[in-house]
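File shown: query37.txt. Contents: compact mmCIF, C-alpha atoms.
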# COMPACT_ATOMS: atom_id res chain seq x y z
CA MET K 1 92.69 109.32 117.92
CA GLU K 2 89.03 110.32 118.23
CA LYS K 3 88.87 113.31 115.92
CA VAL K 4 90.86 113.95 112.74
CA LEU K 5 90.96 116.87 110.31
CA LEU K 6 92.04 116.15 106.71
CA ILE K 7 92.93 119.22 104.61
CA LYS K 8 93.48 119.75 100.91
CA LEU K 9 92.76 123.16 99.36
CA ARG K 10 93.49 122.67 95.70
CA ALA K 11 91.83 122.00 92.33
CA MET K 12 89.14 119.50 91.33
CA GLY K 13 91.51 116.68 90.44
CA ASP K 14 93.46 117.06 93.70
CA THR K 15 90.20 116.97 95.64
CA VAL K 16 89.04 113.80 93.90
CA LEU K 17 92.39 112.13 94.63
CA THR K 18 92.01 113.02 98.32
CA THR K 19 89.29 110.37 98.60
CA ALA K 20 92.02 107.70 98.43
CA ALA K 21 93.80 109.17 101.46
CA LEU K 22 90.48 109.52 103.28
CA GLU K 23 89.83 105.80 102.82
CA ALA K 24 93.29 105.00 104.19
CA VAL K 25 92.76 107.19 107.27
CA LYS K 26 89.45 105.47 108.00
CA GLU K 27 91.07 102.05 107.61
CA HIS K 28 93.73 102.88 110.20
CA LEU K 29 91.42 104.81 112.54
CA PRO K 30 88.04 103.07 112.09
CA ARG K 31 86.43 104.72 115.13
CA ALA K 32 87.66 108.24 114.44
CA LYS K 33 85.39 111.06 113.33
CA ILE K 34 87.12 112.38 110.23
CA HIS K 35 86.44 115.98 109.23
CA CYS K 36 87.50 117.28 105.81
CA LEU K 37 88.39 120.89 104.94
CA LEU K 38 87.93 121.33 101.19
CA PRO K 39 87.34 124.05 98.58
CA GLU K 40 83.66 124.97 98.51
CA MET K 41 83.33 124.24 94.78
CA TRP K 42 84.57 120.63 95.06
CA ALA K 43 83.43 119.70 98.57
CA PRO K 44 80.09 118.22 97.37
CA LEU K 45 82.08 115.25 96.06
CA PHE K 46 82.50 114.16 99.70
CA GLU K 47 78.84 114.51 100.71
CA SER K 48 78.02 110.81 100.41
CA HIS K 49 81.43 109.47 101.38
CA PRO K 50 81.01 106.96 104.24
CA ALA K 51 84.39 107.86 105.78
CA CYS K 52 83.72 111.61 105.96
CA TYR K 53 81.96 112.63 109.17
CA ARG K 54 81.83 116.39 108.54
CA ILE K 55 82.81 118.80 105.75
CA TRP K 56 84.26 122.26 106.33
CA LEU K 57 84.22 124.66 103.40
CA TRP K 58 87.04 126.86 102.20
CA ARG K 59 86.00 129.86 100.09
CA PRO K 60 88.92 131.51 98.25
CA ALA K 61 89.29 135.21 99.02
CA ARG K 62 91.60 138.12 98.19
CA THR K 63 94.66 138.63 100.40
CA ILE K 64 93.25 141.29 102.72
CA HIS K 65 90.08 139.24 103.30
CA LYS K 66 91.96 135.95 103.34
CA LEU K 67 93.60 136.73 106.68
CA LEU K 68 90.21 137.43 108.25
CA GLN K 69 88.84 134.29 106.62
CA ILE K 70 91.63 132.16 108.09
CA PHE K 71 91.13 133.77 111.52
CA ASN K 72 87.39 133.06 111.55
CA LEU K 73 87.82 129.51 110.29
CA VAL K 74 90.57 128.66 112.75
CA LYS K 75 88.51 130.07 115.62
CA VAL K 76 85.81 127.52 114.83
CA LEU K 77 88.20 124.65 114.14
CA ARG K 78 90.01 125.10 117.46
CA ARG K 79 86.76 124.36 119.26
CA GLU K 80 86.76 120.90 117.69
CA LYS K 81 89.94 119.97 119.62
CA TYR K 82 91.36 117.72 116.92
CA ASP K 83 93.72 114.95 117.98
CA LEU K 84 95.33 114.83 114.54
CA VAL K 85 95.49 117.16 111.54
CA ILE K 86 96.73 115.96 108.14
CA ALA K 87 97.40 118.54 105.42
CA LEU K 88 97.96 116.93 102.02
CA HIS K 89 99.70 118.71 99.16
CA ALA K 90 99.92 121.74 101.43
CA ALA K 91 100.72 125.34 100.65
CA GLY K 92 101.07 128.29 103.00
CA THR K 93 97.36 128.67 103.70
CA SER K 94 96.62 125.05 104.54
CA ALA K 95 99.84 124.74 106.57
CA TRP K 96 98.94 127.74 108.72
CA ILE K 97 95.39 126.50 109.23
CA ALA K 98 96.73 123.10 110.30
CA ARG K 99 99.16 124.75 112.72
CA LEU K 100 96.59 127.07 114.25
CA THR K 101 94.05 124.34 114.97
CA GLY K 102 96.08 123.55 118.08
CA ALA K 103 96.32 119.85 117.29
CA LYS K 104 99.37 118.31 118.96
CA VAL K 105 99.97 115.88 116.11
CA ARG K 106 100.21 117.42 112.65
CA SER K 107 101.35 115.79 109.42
CA ILE K 108 101.83 118.60 106.90
CA HIS K 109 103.19 117.68 103.48
CA PHE K 110 104.07 120.65 101.28
CA HIS K 111 103.28 120.68 97.57
CA GLY K 112 106.81 121.39 96.34
CA ILE K 113 108.93 118.26 96.58
CA HIS K 114 111.90 120.33 97.76
CA ASP K 115 109.88 122.63 100.06
CA LYS K 116 110.26 122.31 103.81
CA ASN K 117 107.19 120.77 105.45
CA LYS K 118 106.50 123.68 107.78
CA PHE K 119 104.71 123.16 111.11
CA SER K 120 104.64 119.37 110.77
CA THR K 121 105.26 117.54 114.06
CA VAL K 122 106.25 114.35 112.22
CA GLU K 123 108.90 113.67 109.60
CA ILE K 124 107.45 113.08 106.14
CA PRO K 125 109.21 110.17 104.38
CA GLY K 126 110.15 110.30 100.73
CA LYS K 127 110.60 114.06 100.58
CA GLY K 128 112.25 115.15 97.35
CA VAL K 129 111.40 111.95 95.50
CA ILE K 130 109.26 112.15 92.36
CA LYS K 131 106.32 109.79 92.69
CA PRO K 132 102.60 109.59 91.82
CA ILE K 133 100.49 112.08 93.74
CA LEU K 134 98.62 109.31 95.56
CA GLU K 135 101.91 108.03 96.93
CA ARG K 136 102.87 111.53 98.03
CA ASP K 137 99.57 111.87 99.86
CA LEU K 138 100.14 108.53 101.55
CA ASP K 139 103.57 109.68 102.72
CA ALA K 140 101.74 112.10 105.01
CA LEU K 141 100.01 109.07 106.54
CA ARG K 142 103.14 106.91 106.61
CA ALA K 143 104.73 109.70 108.66
CA LEU K 144 102.36 108.66 111.45
CA GLY K 145 103.87 105.19 111.52
CA TRP K 146 101.14 103.59 109.45
CA ALA K 147 102.19 100.76 107.14
CA ILE K 148 100.57 101.50 103.78
CA GLU K 149 101.87 99.62 100.78
CA LYS K 150 99.40 100.37 98.00
CA PRO K 151 97.12 103.40 97.52
CA LYS K 152 93.37 103.03 97.63
CA VAL K 153 91.52 103.78 94.42
CA PRO K 154 90.01 107.31 94.43
CA LYS K 155 86.25 106.95 94.66
CA VAL K 156 83.30 109.32 94.56
CA TYR K 157 80.11 107.93 96.09
CA LEU K 158 76.88 108.85 94.31
CA SER K 159 73.40 108.68 95.78
CA GLU K 160 70.45 107.05 94.06
CA LYS K 161 68.98 110.53 93.62
CA ASP K 162 72.14 111.63 91.76
CA GLN K 163 71.97 108.64 89.43
CA VAL K 164 68.25 108.93 88.73
CA ALA K 165 68.65 112.62 87.86
CA ALA K 166 71.54 111.87 85.48
CA ARG K 167 69.62 109.10 83.68
CA LYS K 168 66.57 111.34 83.36
CA TRP K 169 68.66 114.16 81.89
CA LEU K 170 70.27 111.86 79.31
CA HIS K 171 66.96 110.25 78.37
CA GLU K 172 65.29 113.62 77.83
CA ARG K 173 68.05 114.58 75.42
CA GLY K 174 67.77 111.43 73.38
CA SER K 175 70.89 109.57 74.44
CA LYS K 176 71.16 106.35 72.45
CA GLY K 177 73.73 103.57 72.25
CA PRO K 178 77.17 103.67 73.85
CA LEU K 179 78.00 107.02 75.42
CA MET K 180 81.45 108.63 75.21
CA ALA K 181 82.34 111.65 77.35
CA LEU K 182 84.94 114.10 76.10
CA GLY K 183 87.06 116.22 78.43
CA LEU K 184 87.74 119.31 76.30
CA GLY K 185 89.21 121.68 78.88
CA ALA K 186 92.39 121.91 80.93
CA SER K 187 94.17 124.31 83.27
CA ARG K 188 96.00 125.91 80.33
CA PRO K 189 95.73 125.79 76.52
CA THR K 190 98.94 123.82 75.98
CA LYS K 191 97.42 120.85 77.86
CA MET K 192 94.50 120.68 75.41
CA TRP K 193 94.16 118.42 72.37
CA PRO K 194 92.93 120.50 69.39
CA LEU K 195 89.14 120.85 69.32
CA GLU K 196 88.93 119.83 65.66
CA LYS K 197 90.38 116.45 66.60
CA TYR K 198 87.78 116.00 69.32
CA VAL K 199 85.09 116.77 66.73
CA ALA K 200 86.51 114.17 64.35
CA LEU K 201 86.74 111.64 67.17
CA ALA K 202 83.10 112.27 68.08
CA GLN K 203 82.06 111.80 64.46
CA HIS K 204 83.93 108.50 64.28
CA TRP K 205 82.31 107.32 67.52
CA ARG K 206 78.89 108.07 66.15
CA ALA K 207 79.58 106.38 62.80
CA SER K 208 81.14 103.24 64.27
CA THR K 209 79.01 102.67 67.40
CA GLN K 210 75.76 104.50 66.59
CA GLY K 211 76.20 105.99 70.02
CA SER K 212 76.13 109.46 71.56
CA VAL K 213 78.68 111.92 72.92
CA LEU K 214 78.54 113.86 76.18
CA LEU K 215 80.28 117.19 76.78
CA VAL K 216 80.33 118.49 80.34
CA VAL K 217 82.08 121.83 80.88
CA GLY K 218 82.16 124.58 83.47
CA PRO K 219 80.62 128.04 82.92
CA GLN K 220 84.01 129.48 81.92
CA GLU K 221 84.50 126.84 79.21
CA ALA K 222 81.38 127.41 77.10
CA GLU K 223 83.48 128.61 74.14
CA LEU K 224 84.88 125.09 73.77
CA LEU K 225 81.44 123.80 72.79
CA LYS K 226 80.99 125.87 69.61
CA PRO K 227 82.49 123.34 67.13
CA PHE K 228 79.94 120.74 68.30
CA PHE K 229 76.71 122.72 68.04
CA LEU K 230 75.71 121.24 64.65
CA GLU K 231 76.19 117.64 65.78
CA PRO K 232 72.74 116.28 66.77
CA TYR K 233 74.08 113.28 68.70
CA VAL K 234 76.19 115.45 71.04
CA MET K 235 74.68 116.33 74.42
CA VAL K 236 76.01 119.43 76.16
CA LYS K 237 75.93 120.23 79.85
CA ILE K 238 77.28 123.48 81.28
CA SER K 239 77.42 122.67 84.96
CA ARG K 240 78.43 124.36 88.19
CA ASN K 241 77.52 121.25 90.17
CA VAL K 242 80.37 118.77 90.41
CA ARG K 243 78.16 115.95 91.73
CA GLU K 244 75.91 116.42 88.71
CA SER K 245 78.95 116.03 86.45
CA ALA K 246 80.10 112.92 88.32
CA ALA K 247 76.68 111.30 87.99
CA LEU K 248 76.62 111.94 84.24
CA PHE K 249 80.09 110.42 83.85
CA ALA K 250 78.92 107.36 85.74
CA GLU K 251 76.37 106.70 82.97
CA CYS K 252 79.02 106.76 80.22
CA ASP K 253 80.97 103.92 78.60
CA LEU K 254 84.24 105.79 78.00
CA PHE K 255 85.96 109.08 78.80
CA VAL K 256 88.54 110.63 76.47
CA GLY K 257 90.14 113.88 77.52
CA ASN K 258 93.06 116.04 78.50
CA ASP K 259 94.97 115.80 81.75
CA SER K 260 92.41 117.64 83.87
CA GLY K 261 90.04 117.46 86.82
CA PRO K 262 87.21 115.81 84.84
CA LYS K 263 89.56 112.90 83.99
CA HIS K 264 90.03 112.20 87.71
CA LEU K 265 86.31 112.60 88.31
CA ALA K 266 85.50 110.09 85.57
CA ALA K 267 87.99 107.57 86.96
CA ALA K 268 86.58 108.01 90.48
CA VAL K 269 83.09 106.91 89.39
CA GLY K 270 84.50 103.80 87.72
CA LEU K 271 84.56 105.00 84.11
CA ARG K 272 87.30 103.78 81.78
CA THR K 273 89.45 106.72 80.65
CA ILE K 274 91.95 107.62 77.94
CA THR K 275 94.08 110.65 78.81
CA LEU K 276 96.09 112.78 76.39
CA PHE K 277 99.22 114.29 77.94
CA GLY K 278 101.30 117.03 76.33
CA PRO K 279 103.56 119.41 78.27
CA GLU K 280 103.57 117.44 81.55
CA ASN K 281 104.75 113.92 82.29
CA PRO K 282 102.00 111.54 83.48
CA LEU K 283 104.20 110.13 86.25
CA GLU K 284 102.81 112.34 89.02
CA TRP K 285 99.31 113.07 87.79
CA HIS K 286 98.10 109.78 86.40
CA PRO K 287 98.21 107.35 89.34
CA TYR K 288 95.97 104.78 87.67
CA GLU K 289 96.30 101.31 86.20
CA LYS K 290 97.30 101.75 82.56
CA ASN K 291 95.23 98.79 81.33
CA THR K 292 91.94 100.51 82.25
CA HIS K 293 93.22 104.10 82.15
CA PRO K 294 95.73 104.27 79.28
CA VAL K 295 97.58 107.46 78.33
CA ILE K 296 99.13 108.89 75.19
CA PHE K 297 102.33 110.86 75.78
CA ARG K 298 105.17 111.80 73.45
CA GLU K 299 108.41 110.92 75.24
CA GLY K 300 111.71 112.69 74.67
CA LEU K 301 110.63 116.01 73.20
CA SER K 302 113.50 118.49 73.42
CA CYS K 303 111.14 121.40 74.14
CA ARG K 304 110.40 120.00 77.62
CA LYS K 305 113.00 120.79 80.25
CA PRO K 306 113.48 119.53 83.83
CA LEU K 307 112.51 122.07 86.51
CA ALA K 308 115.35 120.82 88.69
CA ALA K 309 117.70 117.87 88.97
CA GLY K 310 115.78 114.63 89.29
CA LEU K 311 112.49 116.08 88.06
CA PRO K 312 110.83 114.83 84.85
CA ASP K 313 110.94 117.04 81.77
CA TRP K 314 108.17 119.61 81.82
CA CYS K 315 106.83 122.64 79.94
CA GLY K 316 104.98 125.46 81.66
CA LEU K 317 104.02 127.51 78.59
CA ALA K 318 100.43 128.73 78.27
CA THR K 319 100.84 129.08 74.50
CA CYS K 320 103.32 127.35 72.21
CA GLU K 321 104.49 129.22 69.10
CA VAL K 322 107.98 127.90 68.39
CA GLU K 323 107.12 124.20 68.53
CA GLN K 324 103.53 124.72 67.30
CA HIS K 325 102.11 122.69 70.17
CA ARG K 326 103.41 119.46 68.67
CA CYS K 327 103.23 117.52 71.95
CA MET K 328 99.44 117.49 71.56
CA ARG K 329 98.94 118.14 67.84
CA ASP K 330 101.02 115.09 66.92
CA ILE K 331 98.59 112.79 68.75
CA SER K 332 96.44 111.28 66.02
CA ILE K 333 92.80 110.30 66.13
CA ASP K 334 93.74 106.75 65.15
CA GLU K 335 96.00 106.46 68.21
CA VAL K 336 93.06 107.29 70.45
CA ILE K 337 90.70 104.91 68.66
CA ARG K 338 93.20 102.05 69.07
CA LEU K 339 92.86 102.49 72.85
CA TRP K 340 89.08 102.19 72.84
CA PRO K 341 87.76 99.08 74.62
CA PRO K 342 87.59 96.06 72.25
CA GLN K 343 83.79 96.12 71.99
CA PHE K 344 83.99 99.54 70.33
CA GLN K 345 86.87 98.88 67.97
CA ASN K 346 84.89 97.29 65.14
CA SER K 347 81.33 98.12 66.03
Represent the structure contained in this file as structure tokens.
Amino acid sequence: MEKVLLIKLRAMGDTVLTTAALEAVKEHLPRAKIHCLLPEMWAPLFESHPACYRIWLWRPARTIHKLLQIFNLVKVLRREKYDLVIALHAAGTSAWIARLTGAKVRSIHFHGIHDKNKFSTVEIPGKGVIKPILERDLDALRALGWAIEKPKVPKVYLSEKDQVAARKWLHERGSKGPLMALGLGASRPTKMWPLEKYVALAQHWRASTQGSVLLVVGPQEAELLKPFFLEPYVMVKISRNVRESAALFAECDLFVGNDSGPKHLAAAVGLRTITLFGPENPLEWHPYEKNTHPVIFREGLSCRKPLAAGLPDWCGLATCEVEQHRCMRDISIDEVIRLWPPQFQNS
């Protein structure tokens, strides 16, 4: 195989996790030129990756324009004459793009564990089995006959320029002592720990470590910052640049946050994380070693229900009125503090 196209058109966290599959492809095809088709917003995370030869950008569009967008993109991709196309966590769009590239070998693994893997020329193993997302991605590679026992660790490569800029930004804002990053946002409100608890956690961090707190949010999440505006040791960054966010996380000592893209980004730059799970089980979306990336999750809540037989209990509500959001509200500040690294426990 001389030329490979790797596709994943999903959210930030999914894109970060794709780096593990990219490493595995490079290990099995060391001489191949690996191209990656990724969402435009998250693609910069692959800019310094040594296994990525070329990046193609996907820009989301409305339905009527989406068809034209797919046509124009496929027209260019067909010229590349790929030997192999791998579509991870695929949906209709990425499956059609993979099919229309003209590649004779296509491993297309659909997102839904019970969905048919359309247009795949190989049989994906493990279909219908609940497993961590990294393992599901690797199933698309195992379908090619590759023996892969353990997933690679997702990794984002930062340049010296990225790191220098992050250190300069923190220095200019008076960062002192240990630095904790807080991940305030999530894809829906029910996945978020209450903001007042994050404020109290930040206050405790400051009092016990004499350190600082970093908040990095996207432009649509600025409202989440309001409770912190009177805290002088809290540094705020509203960023559209995902590499900028990654570089700032790399300068921190700890990340505490909801199950979200920033959690995966923090883990991918080597930062220790603590993740707070509420409506969704961590089985699929926390494929990390629990000793360095512990989670807090309330097992056995009756308000979560299985989507189908064999699936873990799950809640898809955007707001929770009946149960008063107890899956997240019941998580105490003390529980989080007990998971801090030992050097910060009794500072």
TODO: Skip Glu289 of chain K itself and residues of its chain fewer than 4 positions away, then list as a list in words all residues within 12 Å of it, counting all atoms listed in the file.
DONE: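 In the requested format, the answer is Pro132, Pro151, Lys152, Val153, Pro154, Ala267, Arg272, Thr273, Ile274, Leu283, His293, Pro294 and Val295 of chain K.
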With the cut-off set at 12 Å and counting all atoms listed in the file, tabulate each residue of segment 213-304 of chain K with an atom at most that distance from an atom of segment 4-13 of chain K, showing the nearest atom pair and its distance in Å to one decimal, ordered by chain and increasing number, as a tab-separated table.
residue	atom	partner	partner_atom	distance
K:Gly218	CA	K:Met12	CA	11.7
K:Asn241	CA	K:Met12	CA	11.8
K:Val242	CA	K:Met12	CA	8.8
K:Arg243	CA	K:Met12	CA	11.5
K:Ser245	CA	K:Met12	CA	11.8
K:Ala246	CA	K:Met12	CA	11.6
K:Asp259	CA	K:Gly13	CA	9.4
K:Ser260	CA	K:Gly13	CA	6.7
K:Gly261	CA	K:Gly13	CA	4.0
K:Pro262	CA	K:Gly13	CA	7.1
K:Lys263	CA	K:Gly13	CA	7.7
K:His264	CA	K:Gly13	CA	5.5
K:Leu265	CA	K:Gly13	CA	6.9
K:Ala266	CA	K:Gly13	CA	10.2
K:Ala267	CA	K:Gly13	CA	10.4
K:Ala268	CA	K:Gly13	CA	10.0
K:Trp285	CA	K:Gly13	CA	9.0
K:His286	CA	K:Gly13	CA	10.4
K:Pro287	CA	K:Gly13	CA	11.5
Please build the interface table for segment 105-201 of chain K against segment 313-326 of chain K with a cut-off of 7 Å, listing for each qualifying residue the nearest atom pair and the distance in Å to one decimal; count all atoms listed in the file, order rows by chain and increasing number, and write it as JSON lines.
{"residue": "K:Arg188", "atom": "CA", "partner": "K:Ala318", "partner_atom": "CA", "distance": 5.6}
{"residue": "K:Pro189", "atom": "CA", "partner": "K:Ala318", "partner_atom": "CA", "distance": 5.8}
{"residue": "K:Thr190", "atom": "CA", "partner": "K:Ala318", "partner_atom": "CA", "distance": 5.6}
Box for segment 157-174 of chain K - axis-aligned, 5 Å on each of the six sides, all listed atoms - centre and size in Å to one decimal, as lines of an AutoDock Vina configuration file.
center_x = 72.7
center_y = 110.8
center_z = 84.7
size_x = 24.8
size_y = 17.5
size_z = 32.7
Task: segment 210-216 of chain K environment, 7 Å, all atoms listed in the file, sequence neighbours closer than 5 positions dropped, as a list of chain:residue names - done: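 That gives K:Ser175, K:Lys176, K:Gly177, K:Pro178, K:Leu179, K:Met180, K:Ala181, K:Leu182, K:Ala202, K:Trp205, K:Tyr233, K:Val234, K:Met235, K:Val236, K:Lys237, K:Ile238, K:Ser239, K:Ser245.
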Go ahead and write the residues just picked, C-alpha atoms, as a short mmCIF file (atom, residue, chain, number, x, y, z; two decimals), in the frame of the given file.
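The file below, result-v4.cif, is the result:
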data_model
loop_
_atom_site.label_atom_id
_atom_site.label_comp_id
_atom_site.auth_asym_id
_atom_site.auth_seq_id
_atom_site.Cartn_x
_atom_site.Cartn_y
_atom_site.Cartn_z
CA SER K 175 70.89 109.57 74.44
CA LYS K 176 71.16 106.35 72.45
CA GLY K 177 73.73 103.57 72.25
CA PRO K 178 77.17 103.67 73.85
CA LEU K 179 78.00 107.02 75.42
CA MET K 180 81.45 108.63 75.21
CA ALA K 181 82.34 111.65 77.35
CA LEU K 182 84.94 114.10 76.10
CA ALA K 202 83.10 112.27 68.08
CA TRP K 205 82.31 107.32 67.52
CA TYR K 233 74.08 113.28 68.70
CA VAL K 234 76.19 115.45 71.04
CA MET K 235 74.68 116.33 74.42
CA VAL K 236 76.01 119.43 76.16
CA LYS K 237 75.93 120.23 79.85
CA ILE K 238 77.28 123.48 81.28
CA SER K 239 77.42 122.67 84.96
CA SER K 245 78.95 116.03 86.45
#
- [ ] Go through K:Gly300, K:Gly270, K:Pro227, K:Gly102 one by one, measure the shortest atom-to-atom distance of each to Thr121 of chain K using only C-alpha atoms, and give the residue with the smallest value.
- [x]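 Looking at the shortest contact to Thr121 of chain K, the residue is K:Gly102.
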Task: Top pick for closest residue to Gly257 of chain K, considering K:Ala186, K:Leu339, K:Val105, K:Ala98 and counting all atoms listed in the file - done: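 Among the listed residues, the smallest separation from Gly257 of chain K belongs to K:Ala186.
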Open item on the list: Quick one: residues within 6 Å of segment 26-33 of chain K, all atoms listed in the file, excluding same-chain residues fewer than 4 positions away - as a ChimeraX atom specification?
Closed with: /K:2-3,53
- [ ] Could you tell me which of K:Pro232, K:Gly185, K:Pro219, K:Gly174 comes closest to Arg206 of chain K if we count all atoms listed in the file?
- [x]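 Closest residue, counting all atoms listed in the file: K:Pro232.
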Task: Atomic separation - atom CA of Gly183 of chain K relative to atom CA of Glu251 of chain K, Å - done: 15.0 Å
TODO: State, in Å with one decimal place, the distance from atom CA of Arg329 of chain K to atom CA of Leu276 of chain K.
DONE: 10.5 Å
TODO: Kindly give the distance, in Å, that separates atom CA of His35 of chain K and atom CA of Ile113 of chain K, rounded to a single decimal.
DONE: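 Between atom CA of His35 of chain K and atom CA of Ile113 of chain K the gap works out to 25.9 Å.
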- [ ] Around the point (110.9, 113.7, 71.9), in the coordinates given by the file, pick out the residues reaching within 12 Å, counting only C-alpha atoms, and return them as a PyMOL selection string.
- [x] chain K and resi 278-279+297-305+313-314+323+326-327+330
Open item on the list: Need to verify the contact set: Leu77 of chain K, 9 Å, all atoms listed in the file, exclusion of same-chain residues closer than 5 positions in sequence. Can you return it as a ChimeraX atom specification?
Closed with: /K:72,82,97,100-102
Open item on the list: When you count all atoms listed in the file, which of these residues is closest to Phe46 of chain K: K:Trp96, K:Phe249, K:Tyr157, K:Trp340?
Closed with: K:Tyr157
For segment 97-116 of chain K, which lacks atoms in the input, supply N, CA and C atoms and format the output as an mmCIF file, keeping the file's coordinate frame.
data_model
loop_
_atom_site.group_PDB
_atom_site.id
_atom_site.type_symbol
_atom_site.label_atom_id
_atom_site.label_comp_id
_atom_site.auth_asym_id
_atom_site.auth_seq_id
_atom_site.Cartn_x
_atom_site.Cartn_y
_atom_site.Cartn_z
ATOM 1 N N ILE K 97 96.640 126.956 108.629
ATOM 2 C CA ILE K 97 95.390 126.500 109.230
ATOM 3 C C ILE K 97 95.638 125.272 110.091
ATOM 4 N N ALA K 98 96.416 124.313 109.542
ATOM 5 C CA ALA K 98 96.730 123.100 110.300
ATOM 6 C C ALA K 98 97.441 123.444 111.607
ATOM 7 N N ARG K 99 98.413 124.357 111.521
ATOM 8 C CA ARG K 99 99.160 124.750 112.720
ATOM 9 C C ARG K 99 98.278 125.412 113.754
ATOM 10 N N LEU K 100 97.390 126.273 113.315
ATOM 11 C CA LEU K 100 96.590 127.070 114.250
ATOM 12 C C LEU K 100 95.402 126.325 114.833
ATOM 13 N N THR K 101 95.131 125.125 114.354
ATOM 14 C CA THR K 101 94.050 124.340 114.970
ATOM 15 C C THR K 101 94.384 123.953 116.404
ATOM 16 N N GLY K 102 95.670 123.942 116.734
ATOM 17 C CA GLY K 102 96.080 123.550 118.080
ATOM 18 C C GLY K 102 96.292 122.072 118.260
ATOM 19 N N ALA K 103 96.115 121.291 117.186
ATOM 20 C CA ALA K 103 96.320 119.850 117.290
ATOM 21 C C ALA K 103 97.779 119.556 117.637
ATOM 22 N N LYS K 104 98.011 118.632 118.545
ATOM 23 C CA LYS K 104 99.370 118.310 118.960
ATOM 24 C C LYS K 104 100.108 117.479 117.920
ATOM 25 N N VAL K 105 99.351 116.690 117.159
ATOM 26 C CA VAL K 105 99.970 115.880 116.110
ATOM 27 C C VAL K 105 99.529 116.423 114.765
ATOM 28 N N ARG K 106 100.515 116.835 113.956
ATOM 29 C CA ARG K 106 100.210 117.420 112.650
ATOM 30 C C ARG K 106 101.149 116.824 111.602
ATOM 31 N N SER K 107 100.556 116.274 110.551
ATOM 32 C CA SER K 107 101.350 115.790 109.420
ATOM 33 C C SER K 107 101.055 116.710 108.247
ATOM 34 N N ILE K 108 102.025 117.556 107.907
ATOM 35 C CA ILE K 108 101.830 118.600 106.900
ATOM 36 C C ILE K 108 102.833 118.387 105.781
ATOM 37 N N HIS K 109 102.339 118.029 104.625
ATOM 38 C CA HIS K 109 103.190 117.680 103.480
ATOM 39 C C HIS K 109 103.070 118.766 102.420
ATOM 40 N N PHE K 110 104.121 119.540 102.229
ATOM 41 C CA PHE K 110 104.070 120.650 101.280
ATOM 42 C C PHE K 110 104.059 120.175 99.834
ATOM 43 N N HIS K 111 103.433 120.994 98.988
ATOM 44 C CA HIS K 111 103.280 120.680 97.570
ATOM 45 C C HIS K 111 104.619 120.506 96.871
ATOM 46 N N GLY K 112 105.517 121.461 97.008
ATOM 47 C CA GLY K 112 106.810 121.390 96.340
ATOM 48 C C GLY K 112 107.667 120.273 96.926
ATOM 49 N N ILE K 113 108.214 119.414 96.057
ATOM 50 C CA ILE K 113 108.930 118.260 96.580
ATOM 51 C C ILE K 113 110.215 118.649 97.307
ATOM 52 N N HIS K 114 110.700 119.867 97.065
ATOM 53 C CA HIS K 114 111.900 120.330 97.760
ATOM 54 C C HIS K 114 111.566 121.359 98.848
ATOM 55 N N ASP K 115 110.281 121.668 99.027
ATOM 56 C CA ASP K 115 109.880 122.630 100.060
ATOM 57 C C ASP K 115 109.915 121.991 101.443
ATOM 58 N N LYS K 116 110.277 122.778 102.435
ATOM 59 C CA LYS K 116 110.260 122.310 103.810
ATOM 60 C C LYS K 116 108.806 122.124 104.266
#
